[in-house]
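Structure first, then comments.
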Protein chains: 4
Amino acid sequence: MSIEGRSDAKAGGRIRLGMVGGGEGAFIGAVHRIASRIDDQYELVAGALSSTADKARRSGHALGLAPDRVYDDFAAMAKAEAARPDGIEAVSIVTPNHVHAPAAIAFLEAGIHVICDKPLTVSLAEAKRMQAAVAKSGRIFALTHNYTGYPLVRCMRAMVKAGELGELRLVQAEYPQDWLSGPTEATGNKQAEWRVDPARAGGGGSLGDIGTHAFNLADYVTGLEVAELCADLTTFVAGRRLDDNAQILLRYANGARGALWVSQVAAGNENSLKLRVYGTKGGLAWAQENPNELRWSPLGEATRIVTRAGPGSGAAAARVTRTPGGHPEGYLEGFANIYAEAALAIKAARDGKKPPPECEFPTIVDGVKGVAFVEAAVKSSKANAVWVKIET
Amino acid sequence: MSIEGRSDAKAGGRIRLGMVGGGEGAFIGAVHRIASRIDDQYELVAGALSSTADKARRSGHALGLAPDRVYDDFAAMAKAEAARPDGIEAVSIVTPNHVHAPAAIAFLEAGIHVICDKPLTVSLAEAKRMQAAVAKSGRIFALTHNYTGYPLVRCMRAMVKAGELGELRLVQAEYPQDWLSGPTEATGNKQAEWRVDPARAGGGGSLGDIGTHAFNLADYVTGLEVAELCADLTTFVAGRRLDDNAQILLRYANGARGALWVSQVAAGNENSLKLRVYGTKGGLAWAQENPNELRWSPLGEATRIVTRAGPGSGAAAARVTRTPGGHPEGYLEGFANIYAEAALAIKAARDGKKPPPECEFPTIVDGVKGVAFVEAAVKSSKANAVWVKIET
Amino acid sequence: MSIEGRSDAKAGGRIRLGMVGGGEGAFIGAVHRIASRIDDQYELVAGALSSTADKARRSGHALGLAPDRVYDDFAAMAKAEAARPDGIEAVSIVTPNHVHAPAAIAFLEAGIHVICDKPLTVSLAEAKRMQAAVAKSGRIFALTHNYTGYPLVRCMRAMVKAGELGELRLVQAEYPQDWLSGPTEATGNKQAEWRVDPARAGGGGSLGDIGTHAFNLADYVTGLEVAELCADLTTFVAGRRLDDNAQILLRYANGARGALWVSQVAAGNENSLKLRVYGTKGGLAWAQENPNELRWSPLGEATRIVTRAGPGSGAAAARVTRTPGGHPEGYLEGFANIYAEAALAIKAARDGKKPPPECEFPTIVDGVKGVAFVEAAVKSSKANAVWVKIET
Amino acid sequence: MSIEGRSDAKAGGRIRLGMVGGGEGAFIGAVHRIASRIDDQYELVAGALSSTADKARRSGHALGLAPDRVYDDFAAMAKAEAARPDGIEAVSIVTPNHVHAPAAIAFLEAGIHVICDKPLTVSLAEAKRMQAAVAKSGRIFALTHNYTGYPLVRCMRAMVKAGELGELRLVQAEYPQDWLSGPTEATGNKQAEWRVDPARAGGGGSLGDIGTHAFNLADYVTGLEVAELCADLTTFVAGRRLDDNAQILLRYANGARGALWVSQVAAGNENSLKLRVYGTKGGLAWAQENPNELRWSPLGEATRIVTRAGPGSGAAAARVTRTPGGHPEGYLEGFANIYAEAALAIKAARDGKKPPPECEFPTIVDGVKGVAFVEAAVKSSKANAVWVKIET
């Protein structure tokens with residue numbers, strides 16, 4: 001039942017899904033749920049939606065979960081669901097960062113596939129433990145670096161791979177926001193509170209929250225390896241405990257250069273993730289806030305506006321598209337693509353098979369890379385912004 | 001479980017939904033299904049997905065419908081579902097235009113709510129019969145003029161109503177596409193075939209398909225009444241039986257003037273619906289392909305870029321929003337808002353209540369207006385583009 | 001001494017130029033003077049800068065004119081300058097519209113070349129008298145429809161001529177402004193006063209002032225002949241004597257269709273002239289306020305952003321360009337191109353030669369067409385917006 | 001004879017101007033000449049237009065200079081012109097960088113005002129000698145950092161000064177081009193040849209040519225002092241002797257952070273200078289290629305599009321504007337503003353007066369700062385991109 005590439009046909013029926021976090025007042029949990037529904041490959045049947053029992057119950061009820069599948073804590077849920085014949089096959093972990101690792105490990109050990117929000121963990125050590133748990137479990141692990149789900153991001157990656165840009169020379173990534181321009185965390189904003197708390201967020205503030213997105217996007221599109229970085233982290237808002245701005249220079253193993261800027265104090269920017277990549281043969285520019293347009297500049301020719309599902313957007317984009325060109329697809333559709341790709345892998349796993357080769361989603365490896373990037377940037381900045389290698 | 005305005009909490013459980021049309025190879029059926037799932041207020045349980053029995057069966061299976069709820073024709077479906085204790089409460093009609101009226105009437109007579117694609121019908125006479133059937137049934141009837149579901153379209157309407165623009169003077173609406181620039185219908189493209197066939201599409205080609213959207217959008221935002229119009233319809237592609245371009249002047253009852261242009265032969269335009277409205281105190285400009293941005297120009301002040309969920313977008317937009325500003329919402333989310341609004345009304349009807357006053361979706365009245373607009377434009381054009389009134 | 005195409009080398013020295021109008025407080029006179037200086041082909045040496053003697057004198061002094069070449073009225077100036085051995089070779093007429101014809105005729109009869117602002121005259125009858133005077137004089141007559149001086153407008157024309165768009169089908173021209181949204185003419189604004197006075201402006205308000213620009217631009221780029229038009233003129237501001245908005249449908253002799261909208265009451269629009277042209281093979285879109293970018297959409301391919309002096313902008317644009325791509329050229333440079341082209345013709349005339357074939361500027365023919373367009377639109381509108389032919 | 005702010009009235013007559021460089025085949029000389037003519041405050045009467053005698057003669061003739069004022073070398077010109085009663089009052093130096101200092105010093109010592117292209121010199125030592133010469137001469141010295149002549153750049157500076165942005169936190173400047181993506185200098189391109197030759201260009205390639213522009217623009221708008229920088233310079237094109245890309249982090253004395261990126265190998269970028277500045281109260285974003293639009297984002301409010309000469313653009317912009325809003329002014333007009341400002345100062349000097357306080361143009365101080373920036377960046381990069389202070 002395909003429109004363009006994506007489809008809501010569901011061979012083998014829906015995947016039984018649980019959720020950790022995402023109760024009342026949460027932001028990203030609802031995004032995950034919408035993403036899981038768009039292509040109809042999942043059915044939410046269980047949840048440990050809050051660490052507050054009352055709230056967990058209310059939230060489960062509101063979402064129509066069966067009362068006996070509403071849990072107070074993820075450990076109990078992992079255990080109980082693993083024991084049910086109709087137990088969940090996969091779980092979405094949508095909590096603050098510090099819960100990712102313990103929760104993921106619990107479900108992996110229970111033989112349940114994991115879809116986890118980013119950044120992976122609050123420390124590289126923890127990330128590596130998680131990586132070991134994934135390896136040991138043999139389960140699918142998908143990390144929701146959702147921006148790689150945008151069709152034109154897929155298109156960029158495919159173009160780079162196909163050599164359309166020649167040898168890459170430059171990578172300019174940025175992700176400015178403005179919502180933490182003042183002491184938002186002191187105003188009762190829960191989203192702000194945990195993001196600026198090292199215990200829950202990890203060592204990076206803007207760096208962990210959005211820097212990992214920008215880093216992952218550049219990594220996904222270019223396929224280049226960062227050799228070293230020089231990071232200048234700043235905290236502009238008085239009393240804040242983590243960075244709210246990061247300016248980072250990058251040197252790639254192939255000699256390319258890059259810059260990455262993230263900020264949460266740049267007035268007028270909502271979610272302004274942008275990537276520009278230049279090679280010997282051409283350049284690409286893409287902006288998340290208008291994701292259905294990609295600028296492609298073959299050297300010496302006029303710049304092309306490649307539209308999602310339009311001429312030149314290619315097969316890799318078409319696979320993850322639902323509507324013809326000119327019907328804007330956005331953030332939720334991109335997010336849904338991660339879910340749909342993970343569904344392919346999970347369904348293949350049902351049959352003991354590998355997912356098809358074109359199936360692509362961020363994995364534990366991307367998660368570890370992201371945390372290593374955060375730690376390297378923090379280390380660089382603490383040493384007065386010197387060049388350091390990323391250790392993984 | 002609200003993120004911003006929309007929520008997937010579901011008091012009373014999901015609405016049992018059926019679908020007429022939307023089988024293999026269809027376009028808009030899949031859009032309706034996604035739209036119905038985004039906020040999780042519906043569950044598709046039955047379908048007459050194709051008029052070809054085999055295809056209907058295959059399509060129903062692919063979507064995971066129970067075999068006994070996969071029907072060959074809508075009449076049988078209306079009858080059987082009405083008789084089931086767990087029968088559908090609502091049906092989505094996503095067929096070519098000529099089936100809308102008979103199908104809708106069958107379900108309404110069976111006491112089932114109807115969500116129907118646009119344009120309403122192939123003739124005004126038929127539209128009026130349908131209107132009578134709606135009235136008689138007392139059931140909810142929602143027409144998927146989906147562009148009114150965009151948050152910033154809601155914002156524009158609210159601003160006009162609040163007098164932010166003063167007295168309206170000018171309405172400039174346009175909806176150019178390019179996909180019918182050549183004889184697409186002769187290449188086996190099913191979407192093109194029926195849209196240029198008067199028997200299935202009605203008297204308007206581009207006029208019915210996208211002209212009704214542009215007309216409805218202007219109508220929704222401005223609330224103005226068109227007194228008369230002057231339409232010059234053209235068929236540029238040889239052998240085509242309906243218009244593929246329409247240029248229309250509008251005179252409003254309050255003295256405002258307008259122009260409406262739709263085309264399916266304007267190279268470089270995918271789905272380029274735009275609306276500009278000007279009054280004595282300011283102007284608004286919005287474009288569907290980048291729907292998260294609205295330009296508001298208070299007279300004598302700098303133009304503002306109002307973003308979806310950003311400062312100044314207001315309560316009417318916030319109600320129908322799922323993500324914070326900067327996370328682009330698109331076509332499917334706008335479409336989903338029509339479904340979510342209809343769900344409010346359907347659930348209220350379960351309890352014999354009225355929907356809340358802020359609940360808003362296009363109704364049979366909008367459908368009749370649209371068909372009357374098509375007939376008036378065709379009449380004007382046939383008389384060599386003279387001024388005619390819209391009769392409803 | 002060429003940078004790109006234009007040059008300030010001046011074989012034969014500068015052209016001695018006079019000016020009628022353009023004294024203190026005027027707008028367009030200073031624009032003409034800058035335009036005449038940019039490529040250094042003219043030297044202003046005489047003027048009848050105001051019909052008020054004192055003001056004429058003060059203005060002449062401020063501009064450094066010799067006192068004996070500052071005149072109170074154009075007739076005296078034409079006579080005196082014609083009699084001087086170092087008299088002006090050309091005159092710029094930059095007065096309100098009603099003075100164009102008498103002044104131009106006086107100078108033409110004195111054997112002096114004329115560069116005249118638009119619209120040509122206040123009536124078609126007068127336009128024809130002027131046309132006869134041009135013919136009789138054998139002098140150069142250039143009309144400053146300056147928008148045809150933009151390099152990318154030249155590029156569009158060349159692309160259409162070269163068949164890049166195939167057979168033309170659609171022409172969408174618009175020129176909204178907002179500066180007359182209120183009763184500006186009642187506030188002492190001289191620019192507004194004469195533009196809304198039929199005696200000085202002619203039969204068209206917005207129509208004459210900016211409608212002729214939009215019409216000329218479409219005419220220049222497409223080369224198509226308008227067979228008939230249907231115009232709905234409106235005056236929104238109470239007490240105003242001429243139209244401040246015009247919505248016009250166009251039918252071209254080749255079967256193409258067009259629409260032209262001009263307004264002076266569209267809040268948020270400064271000088272928002274736009275042209276879109278579509279043919280069987282592609283489309284073009286250009287906007288005056290960002291004139292260094294042209295969108296070219298070959299049918300079935302991604303849209304290209306052709307930049308001034310960038311790849312694909314071509315020879316016709318390169319001729320009239322002064323700086324490499326990315327150094328924005330604007331309104332004054334476009335205007336200067338009309339002056340530079342006229343200079344080529346005037347210098348050729350010095351030697352009794354024809355200008356080179358690539359030399360192009362709006363002539364008396366364009367001026368007559370423009371006034372005929374105004375009269376046809378007024379006639380159509382007065383008859384309740386019926387279809388009328390343009391008579392020239 | 002003002003249109004908006006600028007005027008071609010000329011109290012005291014035109015300034016007699018000479019030019020060094022700018023003969024046949026040059027680029028920037030013609031730009032200077034146009035800039036000098038736009039407001040009609042200068043008259044070019046002498047030149048040492050080329051160091052090749054023949055070419056100097058041909059160029060002087062083409063520009064209509066008197067043969068006895070066409071010189072083979074600048075030293076002879078300085079001497080001869082200083083001796084004439086009608087000698088030049090000011091000279092424009094438009095040569096490659098290495099000639100700036102000797103030429104400027106020669107004219108300053110001859111008592112002639114200097115308008116000089118940027119960067120100031122090929123070394124800081126030379127820059128300081130030049131600074132001493134300016135001081136000793138008491139003559140006007142203007143450096144054509146032309147981007148500070150754009151009206152909306154003036155507006156940004158005024159807004160920052162007025163505190164509209166609060167305390168500044170972030171400065172993001174960039175200036176990518178693509179014209180040196182290949183070995184352009186090996187193809188006979190004279191503009192490329194000297195720019196990549198350390199003897200003629202100085203120690204910076206892209207850094208000196210466009211990095212100084214970006215640095216100056218940020219400096220002009222913010223008024224902030226750079227405490228230290230960390231620069232990673234790269235040469236991507238094999239065999240090139242100077243950098244063609246520079247990524248630089250900035251730390252400001254007030255604690256603000258910045259990043260500056262310049263490149264000549266970024267495909268699809270012509271002259272894409274952009275500046276973004278963020279403070280505690282709001283943000284500004286401006287792009288040179290569409291210079292008539294400024295985005296102003298007061299924190300917590302919708303972003304405004306401030307247009308040149310439009311509402312909110314303010315007095316500082318209005319002073320340097322020639323046309324109403326919507327008539328795009330570009331590169332040449334901005335450049336002309338530097339000339340017009342210098343003219344105010346030169347004319348004041350005629351009378352032994354100071355220029356009016358609002359008169360503003362880049363001076364020797366800005367030139368020294370720019371060269372110091374280049375040397376600091378080269379030093380940082382050579383030490384593997386460590387933090388260094390800018391020494392002046």
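By order of appearance in the structure tokens: chains A, B, ..., then residues from 1 within every chain, and ligands from 1 in the order shown.
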
Shell around Arg304 (chain A) at 8 Å using only C-alpha atoms, local window under 3 positions removed, as a ChimeraX atom specification: /A:294-297 /C:302-305

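Near Asn292 (chain C), within 9 Å and counting only C-alpha atoms, sit Tyr150, Pro151, Leu152, Trp286, Ala287, Val306, Thr307, Arg308, Ala309, Gly325, Gly326, His327, Pro328, Glu329 and Gly330 of chain C; Glu289 and Asn290 of chain D, not including residues fewer than 5 positions from it in the same chain.
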
Restrict the selected residues to N, CA and C atoms and save them as a JSON list (two decimals), in the first residue's frame.
```
[["chain", "number", "residue", "atom", "x", "y", "z"],
["C", 150, "TYR", "N", 17.78, 44.95, -16.34],
["C", 150, "TYR", "CA", 18.38, 43.95, -15.44],
["C", 150, "TYR", "C", 19.00, 42.82, -16.27],
["C", 151, "PRO", "N", 20.22, 42.43, -15.94],
["C", 151, "PRO", "CA", 20.86, 41.36, -16.70],
["C", 151, "PRO", "C", 20.02, 40.08, -16.79],
["C", 152, "LEU", "N", 19.40, 39.69, -15.69],
["C", 152, "LEU", "CA", 18.65, 38.43, -15.76],
["C", 152, "LEU", "C", 17.33, 38.57, -16.50],
["C", 286, "TRP", "N", 11.22, 35.20, -11.82],
["C", 286, "TRP", "CA", 12.16, 36.26, -11.47],
["C", 286, "TRP", "C", 11.44, 37.31, -10.64],
["C", 287, "ALA", "N", 12.15, 37.86, -9.65],
["C", 287, "ALA", "CA", 11.56, 38.87, -8.77],
["C", 287, "ALA", "C", 12.50, 40.06, -8.67],
["C", 306, "VAL", "N", 19.78, 30.40, -11.51],
["C", 306, "VAL", "CA", 20.75, 31.08, -12.37],
["C", 306, "VAL", "C", 21.04, 32.44, -11.74],
["C", 307, "THR", "N", 22.31, 32.70, -11.49],
["C", 307, "THR", "CA", 22.67, 33.99, -10.89],
["C", 307, "THR", "C", 23.22, 34.93, -11.95],
["C", 308, "ARG", "N", 23.06, 36.21, -11.70],
["C", 308, "ARG", "CA", 23.64, 37.21, -12.59],
["C", 308, "ARG", "C", 25.14, 36.97, -12.70],
["C", 309, "ALA", "N", 25.61, 36.85, -13.90],
["C", 309, "ALA", "CA", 27.02, 36.59, -14.18],
["C", 309, "ALA", "C", 27.48, 35.20, -13.77],
["C", 325, "GLY", "N", 29.57, 37.55, -10.49],
["C", 325, "GLY", "CA", 28.46, 36.99, -9.72],
["C", 325, "GLY", "C", 28.67, 37.16, -8.23],
["C", 326, "GLY", "N", 27.59, 37.34, -7.51],
["C", 326, "GLY", "CA", 27.68, 37.46, -6.07],
["C", 326, "GLY", "C", 27.92, 38.87, -5.56],
["C", 327, "HIS", "N", 28.15, 39.81, -6.47],
["C", 327, "HIS", "CA", 28.22, 41.23, -6.11],
["C", 327, "HIS", "C", 26.92, 41.83, -6.59],
["C", 328, "PRO", "N", 25.94, 41.92, -5.74],
["C", 328, "PRO", "CA", 24.60, 42.26, -6.23],
["C", 328, "PRO", "C", 24.53, 43.58, -6.99],
["C", 329, "GLU", "N", 23.96, 43.52, -8.17],
["C", 329, "GLU", "CA", 23.62, 44.74, -8.91],
["C", 329, "GLU", "C", 22.13, 44.97, -8.73],
["C", 330, "GLY", "N", 21.73, 46.22, -8.68],
["C", 330, "GLY", "CA", 20.35, 46.50, -8.34],
["C", 330, "GLY", "C", 19.64, 47.40, -9.33],
["D", 289, "GLU", "N", 24.68, 38.91, -0.36],
["D", 289, "GLU", "CA", 24.14, 38.70, -1.70],
["D", 289, "GLU", "C", 22.70, 39.15, -1.85],
["D", 290, "ASN", "N", 22.01, 39.35, -0.76],
["D", 290, "ASN", "CA", 20.68, 39.94, -0.80],
["D", 290, "ASN", "C", 20.66, 41.04, 0.26]]
```

Please list as an NGL selection string every residue within 10 Å of Asp86 (chain A), counting only C-alpha atoms and excluding residues in the same chain fewer than 3 positions away. :A and (16 or 45 or 81-83 or 89)

Store the residues of this selection in a file with C-alpha atoms, as a PDB file, in the first residue's frame.
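Final output, part_3.pdb:
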```pdb
ATOM      1  CA  ARG A  16       4.382  -5.309  19.891  1.00  0.00           C
ATOM      2  CA  VAL A  45       0.971  -2.425  24.312  1.00  0.00           C
ATOM      3  CA  GLU A  81       6.970  -8.689  29.376  1.00  0.00           C
ATOM      4  CA  ALA A  82       9.703 -11.204  28.631  1.00  0.00           C
ATOM      5  CA  ALA A  83       7.638 -13.758  30.495  1.00  0.00           C
ATOM      6  CA  GLU A  89       9.095  -7.520  20.984  1.00  0.00           C
TER       7      GLU A  89
END
```

Selection near Arg276 (chain B), 8 Å with only C-alpha atoms, sequence-local residues under 4 positions removed, as an mmCIF file with N, CA and C atoms, in the first residue's frame:
```cif
data_model
loop_
_atom_site.group_PDB
_atom_site.id
_atom_site.type_symbol
_atom_site.label_atom_id
_atom_site.label_comp_id
_atom_site.auth_asym_id
_atom_site.auth_seq_id
_atom_site.Cartn_x
_atom_site.Cartn_y
_atom_site.Cartn_z
ATOM 1 N N LEU B 170 -8.049 42.506 -0.523
ATOM 2 C CA LEU B 170 -7.477 41.721 -1.617
ATOM 3 C C LEU B 170 -7.193 40.288 -1.188
ATOM 4 N N VAL B 171 -7.485 39.383 -2.087
ATOM 5 C CA VAL B 171 -7.227 37.962 -1.864
ATOM 6 C C VAL B 171 -6.540 37.411 -3.110
ATOM 7 N N GLN B 172 -5.305 36.959 -2.957
ATOM 8 C CA GLN B 172 -4.584 36.389 -4.101
ATOM 9 C C GLN B 172 -4.280 34.932 -3.779
ATOM 10 N N ALA B 173 -4.937 34.046 -4.483
ATOM 11 C CA ALA B 173 -4.734 32.612 -4.241
ATOM 12 C C ALA B 173 -4.198 31.972 -5.502
ATOM 13 N N GLY B 283 -1.108 42.736 5.915
ATOM 14 C CA GLY B 283 -1.162 41.657 4.934
ATOM 15 C C GLY B 283 -0.584 40.368 5.493
ATOM 16 N N LEU B 284 -0.999 39.263 4.894
ATOM 17 C CA LEU B 284 -0.503 37.935 5.259
ATOM 18 C C LEU B 284 -0.113 37.190 3.996
ATOM 19 N N ALA B 285 0.945 36.407 4.086
ATOM 20 C CA ALA B 285 1.334 35.569 2.954
ATOM 21 C C ALA B 285 1.791 34.225 3.474
ATOM 22 N N TRP B 286 1.288 33.162 2.858
ATOM 23 C CA TRP B 286 1.590 31.807 3.295
ATOM 24 C C TRP B 286 1.706 30.894 2.088
#
```

Could you work out which residues of chain A fall inside 10 Å of chain D? Count only C-alpha atoms, and format the result as a ChimeraX atom specification. /A:165,169-172,178-179,181-182,230-234,236-237,245-251,255-261,263,265-269,276-285,295-304,384-387

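Distances from D:Val374, D:Val320, D:Val134, D:Val99 to Glu341 (chain D) were compared using only C-alpha atoms, and the smallest one belongs to D:Val320.
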
Would you pick out the contacts of Glu109 (chain A) at 10 Å or less, using only C-alpha atoms, so that residues sharing its chain but fewer than 2 positions from it are not included, and give the list as a list in words? Ala78, Lys79, Ala82, Ala103, Ala104, Ile105, Ala106, Phe107, Gly111, Ile112, His113, Ala133, Val134, Lys136, Ser137, Gly138 and Arg139 of chain A
